[in-house]
$ cat protein_11.txt   # compact mmCIF, C-alpha atoms
# COMPACT_ATOMS: atom_id res chain seq x y z
CA MET A 1 86.72 329.42 127.64
CA PRO A 2 84.27 330.79 130.21
CA GLU A 3 84.71 329.54 133.74
CA ALA A 4 82.08 327.22 135.20
CA THR A 5 81.02 329.61 137.93
CA VAL A 6 77.46 330.35 138.88
CA SER A 7 76.62 334.05 138.78
CA PRO A 8 73.94 335.52 141.02
CA GLY A 9 70.52 334.67 139.65
CA ALA A 10 71.88 331.94 137.36
CA PRO A 11 70.51 328.37 137.61
CA ARG A 12 72.15 326.15 140.20
CA PRO A 13 73.93 322.99 138.99
CA ALA A 14 71.01 320.83 140.14
CA ALA A 15 68.74 322.76 137.76
CA TRP A 16 70.98 321.72 134.83
CA LEU A 17 70.64 317.98 135.46
CA PRO A 18 67.22 317.22 133.89
CA GLY A 19 68.02 318.97 130.61
CA LEU A 20 71.57 317.60 130.42
CA ALA A 21 70.36 314.08 131.22
CA LEU A 22 67.72 314.21 128.49
CA ALA A 23 70.19 315.62 125.96
CA LEU A 24 72.72 312.92 126.87
CA ALA A 25 70.05 310.23 126.48
CA VAL A 26 69.23 311.53 123.00
CA ALA A 27 72.93 311.62 122.08
CA LEU A 28 73.38 308.02 123.26
CA ALA A 29 70.32 306.93 121.29
CA ALA A 30 71.67 308.59 118.16
CA MET A 31 75.08 306.95 118.57
CA ALA A 32 73.41 303.53 118.96
CA LEU A 33 71.01 304.10 116.07
CA GLU A 34 73.68 305.10 113.55
CA PRO A 35 75.45 301.69 113.28
CA TRP A 36 72.09 299.86 113.46
CA LEU A 37 70.79 301.80 110.47
CA ARG A 38 74.01 301.08 108.59
CA ARG A 39 73.80 297.35 109.27
CA THR A 40 70.11 297.17 108.47
CA PHE A 41 69.83 299.43 105.43
CA GLY A 42 73.43 299.71 104.23
CA ALA A 43 73.48 303.47 104.88
CA SER A 44 72.90 305.82 107.77
CA LEU A 45 72.71 309.48 108.72
CA PRO A 46 75.58 310.91 110.80
CA GLY A 47 75.10 310.75 114.55
CA MET A 48 74.81 314.54 114.83
CA VAL A 49 71.92 314.65 112.37
CA LEU A 50 70.20 311.74 114.10
CA ALA A 51 70.56 313.48 117.48
CA LEU A 52 69.03 316.63 116.02
CA VAL A 53 66.09 314.76 114.47
CA ILE A 54 65.39 312.67 117.59
CA GLY A 55 65.53 315.84 119.69
CA ILE A 56 63.04 317.63 117.46
CA LEU A 57 60.67 314.65 117.62
CA LEU A 58 60.84 314.75 121.43
CA ASN A 59 60.28 318.51 121.60
CA PRO A 60 56.68 318.20 122.91
CA ILE A 61 58.07 316.42 126.00
CA ALA A 62 61.10 318.69 126.29
CA ARG A 63 58.99 321.85 126.48
CA ASN A 64 58.64 321.29 130.22
CA PRO A 65 60.45 324.23 131.89
CA VAL A 66 62.43 321.83 134.08
CA PHE A 67 64.66 321.02 131.11
CA LYS A 68 65.43 324.58 129.97
CA ALA A 69 68.45 325.30 132.19
CA GLY A 70 70.23 322.15 131.05
CA PHE A 71 69.52 322.84 127.38
CA ASP A 72 70.86 326.38 127.73
CA LEU A 73 74.05 325.11 129.38
CA ALA A 74 74.64 322.59 126.59
CA VAL A 75 74.00 324.98 123.71
CA LYS A 76 75.69 328.06 125.16
CA ARG A 77 78.61 326.63 127.16
CA LEU A 78 79.40 322.98 126.41
CA LEU A 79 79.28 323.79 122.72
CA ARG A 80 82.10 326.32 123.11
CA TYR A 81 84.23 323.76 124.91
CA ALA A 82 83.67 321.31 122.06
CA ILE A 83 84.61 323.84 119.40
CA ALA A 84 87.75 324.91 121.27
CA LEU A 85 88.87 321.27 121.36
CA LEU A 86 88.64 321.13 117.55
CA GLY A 87 92.08 322.76 117.57
CA LEU A 88 93.51 319.30 118.28
CA ARG A 89 92.63 318.24 114.73
CA ILE A 90 94.95 320.75 113.09
CA ALA A 91 98.72 320.99 112.74
CA LEU A 92 100.48 324.10 111.45
CA SER A 93 102.89 321.99 109.38
CA ASP A 94 100.02 320.69 107.24
CA ILE A 95 98.72 324.20 106.65
CA ALA A 96 102.19 325.52 105.80
CA GLY A 97 102.40 323.05 102.94
CA LEU A 98 99.44 324.59 101.15
CA GLY A 99 101.35 327.43 99.53
CA TRP A 100 100.19 331.03 99.52
CA PRO A 101 98.04 330.88 96.33
CA ALA A 102 95.89 328.06 97.68
CA ALA A 103 95.66 329.67 101.13
CA LEU A 104 94.69 333.03 99.63
CA LEU A 105 92.08 331.38 97.42
CA ALA A 106 90.56 329.63 100.43
CA ILE A 107 90.40 332.84 102.46
CA LEU A 108 88.83 334.87 99.65
CA ALA A 109 86.32 332.16 98.74
CA MET A 110 85.27 331.70 102.35
CA ALA A 111 84.88 335.43 103.00
CA CYS A 112 82.85 335.94 99.83
CA THR A 113 80.64 332.95 100.63
CA VAL A 114 79.72 334.26 104.08
CA ALA A 115 79.16 337.79 102.79
CA GLY A 116 77.16 336.50 99.81
CA ALA A 117 74.91 334.33 101.98
CA MET A 118 74.16 337.23 104.31
CA MET A 119 73.31 339.45 101.34
CA LEU A 120 71.07 336.77 99.81
CA ALA A 121 69.23 336.34 103.10
CA ARG A 122 68.61 340.06 103.35
CA LEU A 123 67.45 340.28 99.71
CA LEU A 124 64.99 337.45 100.27
CA GLY A 125 63.64 338.99 103.47
CA LEU A 126 65.20 336.50 105.88
CA ALA A 127 67.10 337.20 109.07
CA ARG A 128 70.71 338.12 108.41
CA GLY A 129 71.56 335.70 111.18
CA TYR A 130 70.33 332.84 108.99
CA GLY A 131 72.55 334.09 106.19
CA ALA A 132 75.49 333.97 108.59
CA LEU A 133 74.62 330.40 109.62
CA ALA A 134 74.28 329.18 106.04
CA GLY A 135 77.36 331.06 104.88
CA ALA A 136 79.54 329.67 107.66
CA ALA A 137 78.27 326.14 107.05
CA CYS A 138 79.20 326.35 103.36
CA ALA A 139 82.42 328.29 103.86
CA VAL A 140 83.97 326.43 106.80
CA CYS A 141 82.85 323.02 108.02
CA GLY A 142 79.14 322.31 107.87
CA ALA A 143 77.41 321.47 111.14
CA SER A 144 80.35 322.42 113.39
CA ALA A 145 80.57 325.87 111.84
CA THR A 146 76.81 326.28 112.10
CA LEU A 147 76.87 325.60 115.82
CA ALA A 148 79.91 327.80 116.35
CA THR A 149 78.31 330.67 114.44
CA ALA A 150 75.12 330.27 116.47
CA THR A 151 77.03 331.51 119.52
CA VAL A 152 77.45 334.97 117.97
CA VAL A 153 74.15 335.30 116.08
CA PRO A 154 71.64 337.45 117.98
CA ASP A 155 68.45 335.77 119.15
CA TYR A 156 65.45 336.05 116.84
CA LYS A 157 62.16 334.17 116.56
CA GLN A 158 63.25 331.50 114.06
CA LYS A 159 66.84 331.07 115.22
CA ALA A 160 66.58 327.52 116.59
CA ALA A 161 64.68 326.33 113.53
CA ASP A 162 67.20 328.00 111.23
CA ILE A 163 70.10 326.29 113.01
CA ALA A 164 68.38 322.91 112.68
CA PHE A 165 67.61 323.50 109.00
CA THR A 166 71.20 324.52 108.30
CA VAL A 167 72.67 321.45 110.01
CA VAL A 168 70.40 319.13 108.02
CA MET A 169 71.08 320.94 104.74
CA ALA A 170 74.84 320.92 105.29
CA ASN A 171 74.85 317.17 105.65
CA ALA A 172 72.38 316.49 102.84
CA LEU A 173 74.09 318.73 100.32
CA SER A 174 77.55 317.50 101.32
CA THR A 175 76.44 313.97 100.50
CA VAL A 176 75.09 315.06 97.11
CA VAL A 177 78.24 316.94 96.10
CA MET A 178 80.47 314.14 97.42
CA ILE A 179 79.02 312.08 94.58
CA ALA A 180 78.75 314.87 91.99
CA TYR A 181 82.04 316.76 92.35
CA PRO A 182 84.59 314.00 91.55
CA PRO A 183 83.12 313.42 88.04
CA LEU A 184 82.97 317.21 87.60
CA ALA A 185 86.67 317.48 88.45
CA VAL A 186 87.47 314.82 85.83
CA ALA A 187 85.27 316.53 83.23
CA LEU A 188 87.07 319.83 83.86
CA GLY A 189 90.50 318.21 83.42
CA LEU A 190 91.77 319.02 86.91
CA ASP A 191 95.05 317.37 87.91
CA VAL A 192 95.65 315.59 91.23
CA ARG A 193 96.61 318.70 93.19
CA GLU A 194 93.81 320.80 91.66
CA THR A 195 91.24 318.09 92.34
CA GLY A 196 92.27 317.86 95.99
CA LEU A 197 92.07 321.63 96.31
CA PHE A 198 88.68 321.67 94.61
CA LEU A 199 87.13 318.96 96.80
CA GLY A 200 88.65 320.27 100.03
CA LEU A 201 87.46 323.80 99.34
CA THR A 202 83.91 323.13 98.17
CA ILE A 203 82.51 320.20 100.18
CA HIS A 204 80.97 321.30 103.47
CA ASP A 205 81.59 318.45 105.95
CA MET A 206 84.91 316.72 106.68
CA ALA A 207 83.50 313.18 106.37
CA GLN A 208 82.32 313.82 102.81
CA VAL A 209 85.63 315.47 101.90
CA VAL A 210 87.42 312.30 103.02
CA GLY A 211 84.94 310.12 101.16
CA ALA A 212 85.18 312.01 97.88
CA GLY A 213 88.95 312.55 97.98
CA TYR A 214 90.15 309.07 98.87
CA ALA A 215 87.60 307.49 96.54
CA MET A 216 89.56 309.08 93.69
CA SER A 217 93.10 308.42 94.96
CA GLU A 218 95.26 308.72 98.05
CA PRO A 219 97.12 311.85 96.79
CA VAL A 220 93.81 313.55 96.00
CA GLY A 221 92.46 312.60 99.43
CA ASN A 222 95.57 313.89 101.20
CA ASN A 223 95.40 317.24 99.39
CA ALA A 224 91.66 317.55 100.01
CA VAL A 225 92.01 316.90 103.75
CA ILE A 226 94.82 319.47 104.11
CA ILE A 227 92.80 322.27 102.50
CA LYS A 228 89.75 321.22 104.53
CA LEU A 229 91.81 321.43 107.73
CA PHE A 230 92.85 324.93 106.72
CA ARG A 231 89.17 325.85 106.47
CA VAL A 232 88.61 324.41 109.95
CA PHE A 233 91.63 326.41 111.18
CA LEU A 234 89.84 329.55 109.98
CA LEU A 235 86.68 328.68 111.92
CA LEU A 236 87.46 331.03 114.79
CA PRO A 237 88.40 334.05 112.63
CA VAL A 238 85.22 333.53 110.61
CA VAL A 239 83.01 333.26 113.70
CA LEU A 240 84.63 336.24 115.38
CA GLY A 241 84.33 338.25 112.16
CA ILE A 242 80.62 337.42 111.88
CA GLY A 243 80.16 338.37 115.52
CA TRP A 244 81.89 341.70 114.96
CA VAL A 245 79.67 342.49 111.96
CA LEU A 246 76.47 341.51 113.74
CA MET A 247 77.53 343.31 116.91
CA ARG A 248 77.22 346.58 115.00
CA GLN A 249 73.55 345.90 114.33
CA GLU A 250 71.07 346.20 117.16
CA GLY A 251 67.58 344.96 116.59
CA GLY A 252 68.10 344.73 112.82
CA ASP A 253 66.39 341.33 112.70
CA GLY A 254 64.05 341.95 115.60
CA GLY A 255 66.52 340.39 118.01
CA THR A 256 69.14 341.44 120.50
CA LYS A 257 72.58 342.76 119.86
CA ALA A 258 75.11 340.02 119.09
CA LYS A 259 78.05 339.38 121.34
CA VAL A 260 81.41 338.08 120.20
CA PRO A 261 82.51 334.96 122.14
CA LEU A 262 84.82 335.47 125.10
CA PRO A 263 88.51 335.66 124.09
CA GLY A 264 89.24 332.38 125.87
CA PHE A 265 87.05 330.60 123.33
CA ALA A 266 89.42 331.58 120.53
CA LEU A 267 92.63 331.45 122.53
CA VAL A 268 92.15 327.84 123.65
CA PHE A 269 91.42 326.78 120.07
CA LEU A 270 94.58 328.45 118.77
CA ALA A 271 96.66 327.20 121.71
CA LEU A 272 95.60 323.62 121.01
CA VAL A 273 96.58 324.03 117.35
CA VAL A 274 100.08 324.96 118.53
CA VAL A 275 100.15 322.07 121.00
CA ASN A 276 99.06 319.64 118.29
CA SER A 277 101.82 320.97 116.03
CA VAL A 278 104.60 320.59 118.60
CA MET A 279 103.81 317.59 120.80
CA PRO A 280 103.97 314.78 118.19
CA GLY A 281 107.67 315.57 117.71
CA THR A 282 108.61 315.38 121.39
CA ALA A 283 109.52 312.56 123.75
CA LEU A 284 105.97 312.71 125.10
CA ALA A 285 104.41 311.91 121.72
CA ALA A 286 102.91 308.60 122.83
CA GLN A 287 101.36 310.05 125.98
CA TYR A 288 100.09 313.03 124.01
CA ALA A 289 98.43 310.76 121.46
CA SER A 290 96.48 309.08 124.27
CA VAL A 291 95.40 312.40 125.77
CA LYS A 292 94.49 313.75 122.33
CA SER A 293 92.31 310.71 121.64
CA VAL A 294 90.40 311.24 124.88
CA LEU A 295 89.94 314.98 124.32
CA SER A 296 88.89 314.45 120.69
CA SER A 297 86.26 311.97 121.85
CA LEU A 298 85.15 314.44 124.51
CA SER A 299 84.78 317.14 121.87
CA GLY A 300 82.59 314.86 119.80
CA TRP A 301 80.38 313.97 122.74
CA LEU A 302 79.99 317.57 123.84
CA MET A 303 79.01 318.47 120.28
CA MET A 304 76.47 315.63 120.22
CA ILE A 305 74.95 316.69 123.55
CA ALA A 306 74.75 320.31 122.38
CA ILE A 307 73.02 319.47 119.11
CA ALA A 308 70.67 317.07 120.92
CA ALA A 309 69.75 319.93 123.28
CA LEU A 310 69.24 322.19 120.29
CA GLY A 311 66.85 319.68 118.72
CA LEU A 312 64.96 319.19 121.97
CA GLY A 313 64.39 322.92 122.14
CA THR A 314 63.17 323.16 118.52
CA SER A 315 59.63 322.40 117.38
CA ALA A 316 59.06 320.40 114.22
CA GLY A 317 56.52 322.99 113.11
CA ALA A 318 59.13 325.74 113.20
CA VAL A 319 61.50 323.71 111.02
CA MET A 320 58.71 322.83 108.58
CA ALA A 321 57.89 326.52 108.31
CA THR A 322 61.21 327.17 106.57
CA GLY A 323 60.53 327.46 102.86
CA TRP A 324 62.13 327.93 99.47
CA ARG A 325 63.91 331.13 100.50
CA HIS A 326 65.97 329.27 103.11
CA LEU A 327 66.85 326.63 100.54
CA ALA A 328 67.72 329.32 98.00
CA VAL A 329 70.17 331.00 100.39
CA PHE A 330 71.91 327.72 101.19
CA LEU A 331 72.14 326.66 97.55
CA GLY A 332 73.32 330.16 96.65
CA ALA A 333 76.14 329.98 99.20
CA THR A 334 77.12 326.54 97.86
CA LEU A 335 77.25 327.87 94.30
CA ILE A 336 79.30 330.91 95.37
CA ILE A 337 82.10 328.85 96.89
CA LEU A 338 81.94 326.41 93.95
CA ALA A 339 82.29 329.18 91.37
CA LEU A 340 85.06 330.98 93.25
CA ALA A 341 87.00 327.76 93.84
CA LEU A 342 86.96 326.83 90.17
CA ALA A 343 87.78 330.38 89.06
CA GLY A 344 90.71 330.49 91.47
CA ILE A 345 92.04 327.09 90.42
CA PHE A 346 92.06 328.05 86.76
CA ALA A 347 93.63 331.42 87.61
CA MET A 348 96.42 329.65 89.55
CA ARG A 349 97.42 327.82 86.36
CA VAL A 350 98.76 331.05 84.91
CA LEU A 351 100.54 332.27 88.07
$ encode --input "protein_11.txt" --output "structure tokens"
Amino acid sequence: MPEATVSPGAPRPAAWLPGLALALAVALAAMALEPWLRRTFGASLPGMVLALVIGILLNPIARNPVFKAGFDLAVKRLLRYAIALLGLRIALSDIAGLGWPAALLAILAMACTVAGAMMLARLLGLARGYGALAGAACAVCGASATLATATVVPDYKQKAADIAFTVVMANALSTVVMIAYPPLAVALGLDVRETGLFLGLTIHDMAQVVGAGYAMSEPVGNNAVIIKLFRVFLLLPVVLGIGWVLMRQEGGDGGTKAKVPLPGFALVFLALVVVNSVMPGTALAAQYASVKSVLSSLSGWLMMIAIAALGLGTSAGAVMATGWRHLAVFLGATLIILALALAGIFAMRVL
């Protein structure tokens, strides 16, 4: 991860405080609002989506230049810390139990989904960066993948609005398919292992994977979570791959040349995967569990602050300007991974 040093000409720490304080306030409001909505209406949006929406609503206030340095710090630096800490959710032993056919299917489906989304965006006259955002959200892990991919997508006029649209769509569509895919799996005659693979490979967000899988049975839920964790494990390779592709284009979308994240961003993620695979089996397992809980909570809060800052820097008008083409790209990416997952599952029956 990048070091927290201040380069010449960069904002001083005091300049970060107003923006960070406002983003933190929005994150706290979202965290308080989520359980209230659930108690009052019986359902609620995830905290990340609430933080994004509240931030967008407060954008007219947040346009004051005093907030900009703090927003930039949250979106460009704190976000990378949060994503690196996601490595603590993954253990290599779980991934090893997948088997090579399932792992290969996941890799191929994810790669084709990202590539397909970028092609669809270009065909429909949208920024290829939006295609990368939508493709990563559908291929990897919804909002988290969207934010991670945003770090390597070059700046262009609609970037902030596209990120916000993708985060909202990832959650909304994940909720829809969480309800629709279990009956589809039954109708297609998928067995327990195939159903877990299907749900874990096609639903965008982890929460909806858990909801759909364990609603069917514990074995289905366990299998779905394992394949979903494998997709999360591939977050860094996917993001770095997208960055490498976009880095070869300069000004293609009217923006600047993309830059792949610093190596520390990926190395810390992978190192924490190894740590999380080894430490539970040592004499320090109990102490590690406590530290892991704290760091996992920190990751969640950093993600919330980053997405709140993103919302605060995004105008509602820019989000409303996104039209049917954006929706078509996202739905197209969803259908690509759905079709490839089902084709692969049926092909595995004859292997």
$ closest_residue --input "protein_11.txt" --among "A:Asp72, A:Ser144, A:Gly323, A:Pro101" --to "Met304 in chain A" --atoms "all atoms listed in the file"
A:Ser144
$ closest_residue --input "protein_11.txt" --among "A:Gly317, A:Ala308, A:Ile90, A:Val152" --to "Ser277 in chain A" --atoms "all atoms listed in the file"
A:Ile90
$ closest_residue --input "protein_11.txt" --among "A:Ala15, A:Leu52, A:Met348, A:Arg38" --to "Ile305 in chain A" --atoms "only C-alpha atoms"
A:Leu52
$ residues_around --input "protein_11.txt" --residues "Val232 in chain A" --least-positions-apart "3" --cutoff "12 Å" --atoms "all atoms listed in the file" --output "PyMOL selection string"
chain A and resi 83-92+95+106-107+110+136-145+148+200-201+204-206+225-229+235-239+269-270+273
$ atom_distance --input "protein_11.txt" --atom1 "CA of Leu133 in chain A" --atom2 "CA of Val153 in chain A"
8.1 Å
$ closest_residue --input "protein_11.txt" --among "A:Lys157, A:Arg122, A:Arg193, A:Arg12" --to "Arg325 in chain A" --atoms "all atoms listed in the file"
A:Arg122
$ atom_distance --input "protein_11.txt" --atom1 "CA of Gly19 in chain A" --atom2 "CA of Leu302 in chain A"
13.8 Å
$ closest_residue --input "protein_11.txt" --among "A:Val26, A:Arg248, A:His326, A:Phe198" --to "Ile56 in chain A" --atoms "all atoms listed in the file"
A:Val26
$ atom_distance --input "protein_11.txt" --atom1 "CA of Leu173 in chain A" --atom2 "CA of Gly332 in chain A"
12.0 Å
$ residues_around --input "protein_11.txt" --residues "Gly131 in chain A" --least-positions-apart "4" --cutoff "10 Å" --atoms "all atoms listed in the file" --output "NGL selection string"
:A and (113-122 or 126-127 or 135-137 or 162 or 166 or 326 or 329-330 or 333)
$ write_last_selection --input "protein_11.txt" --atoms "C-alpha atoms" --output "PDB file, keeping the file's coordinate frame"
ATOM      1  CA  THR A 113      80.640 332.950 100.630  1.00  0.00           C
ATOM      2  CA  VAL A 114      79.720 334.260 104.080  1.00  0.00           C
ATOM      3  CA  ALA A 115      79.160 337.790 102.790  1.00  0.00           C
ATOM      4  CA  GLY A 116      77.160 336.500  99.810  1.00  0.00           C
ATOM      5  CA  ALA A 117      74.910 334.330 101.980  1.00  0.00           C
ATOM      6  CA  MET A 118      74.160 337.230 104.310  1.00  0.00           C
ATOM      7  CA  MET A 119      73.310 339.450 101.340  1.00  0.00           C
ATOM      8  CA  LEU A 120      71.070 336.770  99.810  1.00  0.00           C
ATOM      9  CA  ALA A 121      69.230 336.340 103.100  1.00  0.00           C
ATOM     10  CA  ARG A 122      68.610 340.060 103.350  1.00  0.00           C
ATOM     11  CA  LEU A 126      65.200 336.500 105.880  1.00  0.00           C
ATOM     12  CA  ALA A 127      67.100 337.200 109.070  1.00  0.00           C
ATOM     13  CA  GLY A 135      77.360 331.060 104.880  1.00  0.00           C
ATOM     14  CA  ALA A 136      79.540 329.670 107.660  1.00  0.00           C
ATOM     15  CA  ALA A 137      78.270 326.140 107.050  1.00  0.00           C
ATOM     16  CA  ASP A 162      67.200 328.000 111.230  1.00  0.00           C
ATOM     17  CA  THR A 166      71.200 324.520 108.300  1.00  0.00           C
ATOM     18  CA  HIS A 326      65.970 329.270 103.110  1.00  0.00           C
ATOM     19  CA  VAL A 329      70.170 331.000 100.390  1.00  0.00           C
ATOM     20  CA  PHE A 330      71.910 327.720 101.190  1.00  0.00           C
ATOM     21  CA  ALA A 333      76.140 329.980  99.200  1.00  0.00           C
TER      22      ALA A 333
END
$ closest_residue --input "protein_11.txt" --among "A:Leu78, A:Leu98, A:Met169, A:Ala180" --to "Ala224 in chain A" --atoms "all atoms listed in the file"
A:Leu98
$ residues_around --input "protein_11.txt" --residues "Gly196 in chain A" --least-positions-apart "5" --cutoff "12 Å" --atoms "only C-alpha atoms" --output "JSON, numbers by chain"
{"A": [98, 102, 181, 182, 185, 186, 190, 191, 201, 202, 203, 209, 210, 211, 212, 213, 214, 215, 216, 217, 218, 219, 220, 221, 222, 223, 224, 225, 226, 227, 228, 341, 342, 345]}
$ residues_near_point --input "protein_11.txt" --point "(96.4, 314.8, 118.1)" --cutoff "12 Å" --atoms "all atoms listed in the file" --output "PyMOL selection string"
chain A and resi 85-91+272-281+285-297
$ residues_around --input "protein_11.txt" --residues "Ala161 in chain A" --least-positions-apart "3" --cutoff "9 Å" --atoms "all atoms listed in the file" --output "list in words"
Lys157, Gln158, Ala164, Phe165, Thr166, Gly311, Thr314, Ser315, Ala316, Gly317, Ala318, Val319, Met320, Ala321 and Thr322 of chain A
$ residues_around --input "protein_11.txt" --residues "Asn64 in chain A" --least-positions-apart "5" --cutoff "12 Å" --atoms "all atoms listed in the file" --output "PyMOL selection string"
chain A and resi 18-19+22+58-59+69-71+312-313
$ decode --input "protein_11.txt" --residues "range 47-62 of chain A" --atoms "N, CA and C atoms" --output "PDB file, in the first residue's frame"
ATOM      1  N   GLY A  47     -25.794  -0.665   3.963  1.00  0.00           N
ATOM      2  CA  GLY A  47     -25.198   0.575   4.419  1.00  0.00           C
ATOM      3  C   GLY A  47     -24.409   1.290   3.340  1.00  0.00           C
ATOM      4  N   MET A  48     -23.685   0.533   2.499  1.00  0.00           N
ATOM      5  CA  MET A  48     -22.886   1.157   1.446  1.00  0.00           C
ATOM      6  C   MET A  48     -23.761   1.909   0.459  1.00  0.00           C
ATOM      7  N   VAL A  49     -24.899   1.335   0.098  1.00  0.00           N
ATOM      8  CA  VAL A  49     -25.798   2.005  -0.844  1.00  0.00           C
ATOM      9  C   VAL A  49     -26.418   3.234  -0.194  1.00  0.00           C
ATOM     10  N   LEU A  50     -26.790   3.126   1.078  1.00  0.00           N
ATOM     11  CA  LEU A  50     -27.338   4.277   1.788  1.00  0.00           C
ATOM     12  C   LEU A  50     -26.317   5.410   1.869  1.00  0.00           C
ATOM     13  N   ALA A  51     -25.052   5.069   2.162  1.00  0.00           N
ATOM     14  CA  ALA A  51     -24.005   6.087   2.228  1.00  0.00           C
ATOM     15  C   ALA A  51     -23.841   6.788   0.882  1.00  0.00           C
ATOM     16  N   LEU A  52     -23.907   6.015  -0.185  1.00  0.00           N
ATOM     17  CA  LEU A  52     -23.781   6.592  -1.524  1.00  0.00           C
ATOM     18  C   LEU A  52     -24.940   7.541  -1.809  1.00  0.00           C
ATOM     19  N   VAL A  53     -26.154   7.112  -1.506  1.00  0.00           N
ATOM     20  CA  VAL A  53     -27.345   7.930  -1.793  1.00  0.00           C
ATOM     21  C   VAL A  53     -27.347   9.197  -0.950  1.00  0.00           C
ATOM     22  N   ILE A  54     -27.061   9.066   0.355  1.00  0.00           N
ATOM     23  CA  ILE A  54     -27.009  10.250   1.221  1.00  0.00           C
ATOM     24  C   ILE A  54     -25.947  11.227   0.716  1.00  0.00           C
ATOM     25  N   GLY A  55     -24.790  10.687   0.323  1.00  0.00           N
ATOM     26  CA  GLY A  55     -23.730  11.544  -0.197  1.00  0.00           C
ATOM     27  C   GLY A  55     -24.161  12.304  -1.429  1.00  0.00           C
ATOM     28  N   ILE A  56     -24.822  11.631  -2.355  1.00  0.00           N
ATOM     29  CA  ILE A  56     -25.287  12.293  -3.578  1.00  0.00           C
ATOM     30  C   ILE A  56     -26.284  13.397  -3.248  1.00  0.00           C
ATOM     31  N   LEU A  57     -27.184  13.132  -2.293  1.00  0.00           N
ATOM     32  CA  LEU A  57     -28.165  14.144  -1.905  1.00  0.00           C
ATOM     33  C   LEU A  57     -27.505  15.379  -1.289  1.00  0.00           C
ATOM     34  N   LEU A  58     -26.364  15.178  -0.636  1.00  0.00           N
ATOM     35  CA  LEU A  58     -25.655  16.290  -0.001  1.00  0.00           C
ATOM     36  C   LEU A  58     -24.619  16.937  -0.924  1.00  0.00           C
ATOM     37  N   ASN A  59     -24.556  16.495  -2.167  1.00  0.00           N
ATOM     38  CA  ASN A  59     -23.557  17.021  -3.096  1.00  0.00           C
ATOM     39  C   ASN A  59     -23.577  18.546  -3.242  1.00  0.00           C
ATOM     40  N   PRO A  60     -24.760  19.196  -3.257  1.00  0.00           N
ATOM     41  CA  PRO A  60     -24.739  20.666  -3.375  1.00  0.00           C
ATOM     42  C   PRO A  60     -23.945  21.342  -2.257  1.00  0.00           C
ATOM     43  N   ILE A  61     -23.979  20.776  -1.045  1.00  0.00           N
ATOM     44  CA  ILE A  61     -23.191  21.317   0.061  1.00  0.00           C
ATOM     45  C   ILE A  61     -21.726  20.946  -0.091  1.00  0.00           C
ATOM     46  N   ALA A  62     -21.489  19.709  -0.520  1.00  0.00           N
ATOM     47  CA  ALA A  62     -20.128  19.173  -0.592  1.00  0.00           C
ATOM     48  C   ALA A  62     -19.317  19.748  -1.740  1.00  0.00           C
TER      49      ALA A  62
END
